[in-house]
Amino acid sequence: MMWRPSLLLFLLLLRHGAQGKPSPDAGPHGQGRVHQAAPLSDAPHDDAHGNFQYDHEAFLGREVAKEFDQLTPEESQARLGRIVDRMDRAGDGDGWVSLAELRSWIAHTQQRHIRDSVSAAWDTYDTDRDGRVGWEELRNATYGHYAPGEEFHDVEDAETYKKMLARDERRFRVADQDGDSMATREELTAFLHPEEFPHMRDIVIAETLEDLDRNKDGYVQVEEYIADLYTAEPGEEEPAWVQTERQQFRDFRDLNKDGHLDGNEVGYWVLPPAQDQPLVEANHLLHESDTDKDGRLSKAEILGNWNMFVGSQATNYGEDLTRHHDEL
């Protein structure tokens with residue numbers, strides 16, 4: 001399940017256009033609040049039987065792994081060689097691929113969909129084409145242009161929109177780490193995908209608390225938790241799954257058993273601690289390929305085990321495919 005931010009701006013672009021206002025109901029609902037890292041691959045991790053699909057998708061990303069499947073072994077190895085050079089250049093450039101460099105590459109490939117979503121939104125927000133997105137640009141592109149003091153005078157639920165605007169500005173200020181009111185791509189990514197950034201953790205928790213804490217006591221009571229998941233119709237008997245959620249609240253959400261969730265417990269719920277999957281896979285690839293056991297990989301060692309990293313299934317070149325992902 002994925003936690004969803006209060007205002008999915010990149011979706012608003014598709015639904016409303018640059019000048020359209022977001023829906024007041026654009027917030028998260030129910031189980032969609034929880035962010036859990038997606039697996040690196042859905043394929044079985046079955047190296048013992050010569051099935052390296054998991055490793056291919058973990059190392060390349062799922063879409064690129066499909067393209068590599070269509071390449072000849074020669075082209076697959078050539079591209080892997082370019083990836084090795086890129087991993088080293090992104091690190092210390094010492095001619096070797098360290099565990100940290102390998103882990104960083106795997107994490108990078110797994111975040112491609114996030115980078116793509118930011119790229120798709122960038123031109124709409126960077127209206128002056130200066131390579132950065134200012135708060136004023138983002139606000140105007142999302143909510144429309146208003147003269148000072150006239151914000152949302154032309155909409156029915158003006159107060160709701162004002163609260164959404166204030167909430168987005170607060171999140172923007174947290175994402176804007178250098179405090180210059182101008183977002184780089186990295187900072188805009190943190191604004192759009194705060195669940196992916198440790199420094200945005202507190203704002204994710206604060207927004208979740210605000211959504212659920214109806215009596216404004218600073219905590220999430222069990223009834224507030226349930227109300228976010230389910231609203232009973234008059235005379236309707238509460239479904240069994242709701243009872244299960246109540247038990248989940250008592251047994252697993254309320255860690256200190258004081259009857260409600262505080263900020264720390266909300267954080268543990270919506271941003272649960274997770275295994276560092278890229279590090280686990282990097283350790284695996286290094287262990288399997290480090291023939292001289294020096295704790296790092298040479299280009300020759302990686303190419304010597306190329307079928308685990310990338311693989312190939314084709315016997316003829318596909319010229320239309322070789323044009324893609326030239327950066328690899």
# chains A, B, ... in the order shown; residues from 1 in each chain; ligands from 1
call {"tool": "residues_around", "arguments": {"residues": "Ala90 (chain A)", "least_positions_apart": "2", "cutoff": "9 Å", "atoms": "only C-alpha atoms", "output": "VMD selection string"}}
result
chain A and resid 85 to 88 92 to 93 101 104 to 105
call {"tool": "write_last_selection", "arguments": {"atoms": "N, CA, C and O atoms", "output": "PDB file, in the first residue's frame"}}
result
ATOM      1  N   ASP A  85      30.971   1.831 -15.910  1.00  0.00           N
ATOM      2  CA  ASP A  85      31.696   3.104 -15.932  1.00  0.00           C
ATOM      3  C   ASP A  85      30.882   4.207 -15.270  1.00  0.00           C
ATOM      4  O   ASP A  85      31.423   5.050 -14.543  1.00  0.00           O
ATOM      5  N   ARG A  86      29.588   4.185 -15.519  1.00  0.00           N
ATOM      6  CA  ARG A  86      28.725   5.213 -14.936  1.00  0.00           C
ATOM      7  C   ARG A  86      28.642   5.079 -13.424  1.00  0.00           C
ATOM      8  O   ARG A  86      28.656   6.076 -12.687  1.00  0.00           O
ATOM      9  N   MET A  87      28.536   3.843 -12.916  1.00  0.00           N
ATOM     10  CA  MET A  87      28.491   3.638 -11.470  1.00  0.00           C
ATOM     11  C   MET A  87      29.749   4.173 -10.806  1.00  0.00           C
ATOM     12  O   MET A  87      29.687   4.813  -9.757  1.00  0.00           O
ATOM     13  N   ASP A  88      30.883   3.907 -11.410  1.00  0.00           N
ATOM     14  CA  ASP A  88      32.151   4.355 -10.829  1.00  0.00           C
ATOM     15  C   ASP A  88      32.269   5.875 -10.877  1.00  0.00           C
ATOM     16  O   ASP A  88      32.689   6.509  -9.908  1.00  0.00           O
ATOM     17  N   ASP A  92      33.425   7.354  -6.508  1.00  0.00           N
ATOM     18  CA  ASP A  92      34.713   8.003  -6.301  1.00  0.00           C
ATOM     19  C   ASP A  92      35.611   7.967  -7.533  1.00  0.00           C
ATOM     20  O   ASP A  92      36.716   8.521  -7.524  1.00  0.00           O
ATOM     21  N   GLY A  93      35.160   7.300  -8.609  1.00  0.00           N
ATOM     22  CA  GLY A  93      35.936   7.288  -9.840  1.00  0.00           C
ATOM     23  C   GLY A  93      37.294   6.629  -9.726  1.00  0.00           C
ATOM     24  O   GLY A  93      38.236   6.991 -10.451  1.00  0.00           O
ATOM     25  N   GLU A 101      28.598   2.068  -4.137  1.00  0.00           N
ATOM     26  CA  GLU A 101      28.281   2.492  -5.500  1.00  0.00           C
ATOM     27  C   GLU A 101      27.247   1.575  -6.137  1.00  0.00           C
ATOM     28  O   GLU A 101      26.348   2.027  -6.853  1.00  0.00           O
ATOM     29  N   SER A 104      23.895   2.322  -4.539  1.00  0.00           N
ATOM     30  CA  SER A 104      23.379   3.590  -5.037  1.00  0.00           C
ATOM     31  C   SER A 104      22.782   3.441  -6.427  1.00  0.00           C
ATOM     32  O   SER A 104      21.733   4.018  -6.740  1.00  0.00           O
ATOM     33  N   TRP A 105      23.425   2.641  -7.283  1.00  0.00           N
ATOM     34  CA  TRP A 105      22.901   2.433  -8.637  1.00  0.00           C
ATOM     35  C   TRP A 105      21.554   1.719  -8.596  1.00  0.00           C
ATOM     36  O   TRP A 105      20.613   2.100  -9.291  1.00  0.00           O
TER      37      TRP A 105
END
call {"tool": "closest_atom_pairs", "arguments": {"of": "region 68-152 of chain A", "to": "region 33-41 of chain A", "cutoff": "12 Å", "atoms": "only C-alpha atoms", "output": "tab-separated table"}}
result
residue	atom	partner	partner_atom	distance
A:Ile106	CA	A:Leu40	CA	8.9
A:Ala107	CA	A:Leu40	CA	9.3
A:His108	CA	A:Leu40	CA	11.6
A:Thr109	CA	A:Leu40	CA	9.6
A:Gln110	CA	A:Leu40	CA	7.0
A:Gln111	CA	A:Leu40	CA	10.4
A:His113	CA	A:Ala38	CA	11.9
call {"tool": "atom_distance", "arguments": {"atom1": "CA of Leu60 (chain A)", "atom2": "CA of Val84 (chain A)"}}
result
11.9 Å
call {"tool": "select_by_dssp", "arguments": {"residues": "region 125-191 of chain A", "states": "alpha helix (DSSP H)", "output": "PyMOL selection string"}}
result
chain A and resi 125+135-143+158-175+185-191
call {"tool": "atom_distance", "arguments": {"atom1": "CA of Thr184 (chain A)", "atom2": "CA of Gly131 (chain A)"}}
result
7.5 Å
call {"tool": "residues_around", "arguments": {"residues": "Glu195 (chain A)", "least_positions_apart": "6", "cutoff": "8 Å", "atoms": "only C-alpha atoms", "output": "list of chain:residue names"}}
result
A:Trp3, A:His35, A:Arg201, A:Val204, A:Leu271
call {"tool": "write_last_selection", "arguments": {"atoms": "N, CA and C atoms", "output": "PDB file, in the first residue's frame"}}
result
ATOM      1  N   TRP A   3       1.317   5.340   0.697  1.00  0.00           N
ATOM      2  CA  TRP A   3       0.799   6.576   1.254  1.00  0.00           C
ATOM      3  C   TRP A   3       0.679   7.598   0.149  1.00  0.00           C
ATOM      4  N   HIS A  35       2.889   3.834   3.379  1.00  0.00           N
ATOM      5  CA  HIS A  35       3.917   3.700   2.359  1.00  0.00           C
ATOM      6  C   HIS A  35       4.836   2.536   2.712  1.00  0.00           C
ATOM      7  N   ARG A 201       9.879  13.324   6.645  1.00  0.00           N
ATOM      8  CA  ARG A 201       9.108  12.396   7.477  1.00  0.00           C
ATOM      9  C   ARG A 201       8.143  13.138   8.412  1.00  0.00           C
ATOM     10  N   VAL A 204       5.031  14.419   6.661  1.00  0.00           N
ATOM     11  CA  VAL A 204       4.099  13.330   6.358  1.00  0.00           C
ATOM     12  C   VAL A 204       3.277  12.984   7.595  1.00  0.00           C
ATOM     13  N   LEU A 271       4.824   5.181   7.734  1.00  0.00           N
ATOM     14  CA  LEU A 271       6.166   5.053   7.176  1.00  0.00           C
ATOM     15  C   LEU A 271       6.917   3.983   7.957  1.00  0.00           C
TER      16      LEU A 271
END
call {"tool": "atom_distance", "arguments": {"atom1": "CA of Ala58 (chain A)", "atom2": "CA of Trp306 (chain A)"}}
result
13.9 Å
call {"tool": "closest_residue", "arguments": {"among": "A:Asp46, A:Glu151, A:Asp178, A:Asp55", "to": "Asn307 (chain A)", "atoms": "only C-alpha atoms"}}
result
A:Asp55
call {"tool": "decode", "arguments": {"residues": "region 75-87 of chain A", "atoms": "all heavy atoms", "output": "compact mmCIF listing (two decimals), in the first residue's frame"}}
result
# COMPACT_ATOMS: atom_id res chain seq x y z
N GLU A 75 25.75 -7.14 -27.31
CA GLU A 75 25.24 -5.81 -27.03
C GLU A 75 24.90 -5.67 -25.54
O GLU A 75 25.14 -4.62 -24.94
CB GLU A 75 23.99 -5.53 -27.87
CG GLU A 75 23.34 -4.20 -27.61
CD GLU A 75 24.20 -2.99 -27.95
OE1 GLU A 75 25.31 -3.18 -28.51
OE2 GLU A 75 23.79 -1.87 -27.64
N SER A 76 24.37 -6.73 -24.94
CA SER A 76 24.05 -6.69 -23.52
C SER A 76 25.31 -6.43 -22.69
O SER A 76 25.31 -5.60 -21.78
CB SER A 76 23.40 -8.02 -23.10
OG SER A 76 23.04 -8.00 -21.74
N GLN A 77 26.39 -7.13 -23.01
CA GLN A 77 27.64 -6.93 -22.28
C GLN A 77 28.21 -5.54 -22.52
O GLN A 77 28.76 -4.92 -21.60
CB GLN A 77 28.64 -8.00 -22.69
CG GLN A 77 28.27 -9.40 -22.22
CD GLN A 77 29.25 -10.45 -22.70
OE1 GLN A 77 30.42 -10.42 -22.37
NE2 GLN A 77 28.77 -11.39 -23.51
N ALA A 78 28.08 -5.04 -23.74
CA ALA A 78 28.60 -3.70 -24.04
C ALA A 78 27.87 -2.65 -23.22
O ALA A 78 28.48 -1.72 -22.67
CB ALA A 78 28.46 -3.41 -25.54
N ARG A 79 26.57 -2.79 -23.13
CA ARG A 79 25.81 -1.83 -22.34
C ARG A 79 26.13 -1.95 -20.86
O ARG A 79 26.20 -0.96 -20.14
CB ARG A 79 24.32 -2.04 -22.57
CG ARG A 79 23.85 -1.60 -23.93
CD ARG A 79 22.35 -1.46 -23.93
NE ARG A 79 21.84 -1.07 -25.22
CZ ARG A 79 20.58 -0.73 -25.45
NH1 ARG A 79 19.71 -0.75 -24.47
NH2 ARG A 79 20.19 -0.37 -26.66
N LEU A 80 26.30 -3.18 -20.39
CA LEU A 80 26.69 -3.37 -18.99
C LEU A 80 28.01 -2.68 -18.72
O LEU A 80 28.19 -2.06 -17.66
CB LEU A 80 26.77 -4.86 -18.66
CG LEU A 80 27.26 -5.20 -17.25
CD1 LEU A 80 26.35 -4.57 -16.19
CD2 LEU A 80 27.32 -6.71 -17.06
N GLY A 81 28.94 -2.76 -19.66
CA GLY A 81 30.21 -2.08 -19.48
C GLY A 81 30.04 -0.58 -19.30
O GLY A 81 30.72 0.04 -18.46
N ARG A 82 29.11 0.02 -20.04
CA ARG A 82 28.86 1.45 -19.89
C ARG A 82 28.22 1.76 -18.55
O ARG A 82 28.48 2.81 -17.95
CB ARG A 82 27.99 1.94 -21.05
CG ARG A 82 28.67 1.83 -22.41
CD ARG A 82 27.99 2.69 -23.45
NE ARG A 82 26.67 2.20 -23.84
CZ ARG A 82 26.45 1.31 -24.80
NH1 ARG A 82 27.48 0.76 -25.45
NH2 ARG A 82 25.21 0.94 -25.13
N ILE A 83 27.37 0.84 -18.07
CA ILE A 83 26.78 1.03 -16.75
C ILE A 83 27.86 0.99 -15.68
O ILE A 83 27.85 1.80 -14.73
CB ILE A 83 25.71 -0.05 -16.47
CG1 ILE A 83 24.50 0.15 -17.37
CG2 ILE A 83 25.28 -0.02 -15.01
CD1 ILE A 83 23.45 -0.94 -17.27
N VAL A 84 28.79 0.06 -15.80
CA VAL A 84 29.88 -0.04 -14.81
C VAL A 84 30.65 1.27 -14.75
O VAL A 84 30.94 1.80 -13.66
CB VAL A 84 30.82 -1.21 -15.16
CG1 VAL A 84 32.04 -1.20 -14.24
CG2 VAL A 84 30.09 -2.54 -15.05
N ASP A 85 30.97 1.83 -15.91
CA ASP A 85 31.70 3.10 -15.93
C ASP A 85 30.88 4.21 -15.27
O ASP A 85 31.42 5.05 -14.54
CB ASP A 85 32.01 3.50 -17.38
CG ASP A 85 32.98 2.53 -18.06
OD1 ASP A 85 33.72 1.83 -17.33
OD2 ASP A 85 32.99 2.48 -19.30
N ARG A 86 29.59 4.18 -15.52
CA ARG A 86 28.73 5.21 -14.94
C ARG A 86 28.64 5.08 -13.42
O ARG A 86 28.66 6.08 -12.69
CB ARG A 86 27.34 5.11 -15.56
CG ARG A 86 26.39 6.21 -15.14
CD ARG A 86 25.06 6.08 -15.86
NE ARG A 86 24.10 7.05 -15.38
CZ ARG A 86 22.84 7.11 -15.78
NH1 ARG A 86 22.39 6.25 -16.68
NH2 ARG A 86 22.02 8.02 -15.31
N MET A 87 28.54 3.84 -12.92
CA MET A 87 28.49 3.64 -11.47
C MET A 87 29.75 4.17 -10.81
O MET A 87 29.69 4.81 -9.76
CB MET A 87 28.33 2.14 -11.15
CG MET A 87 26.93 1.60 -11.39
SD MET A 87 26.71 -0.06 -10.67
CE MET A 87 27.75 -1.03 -11.77
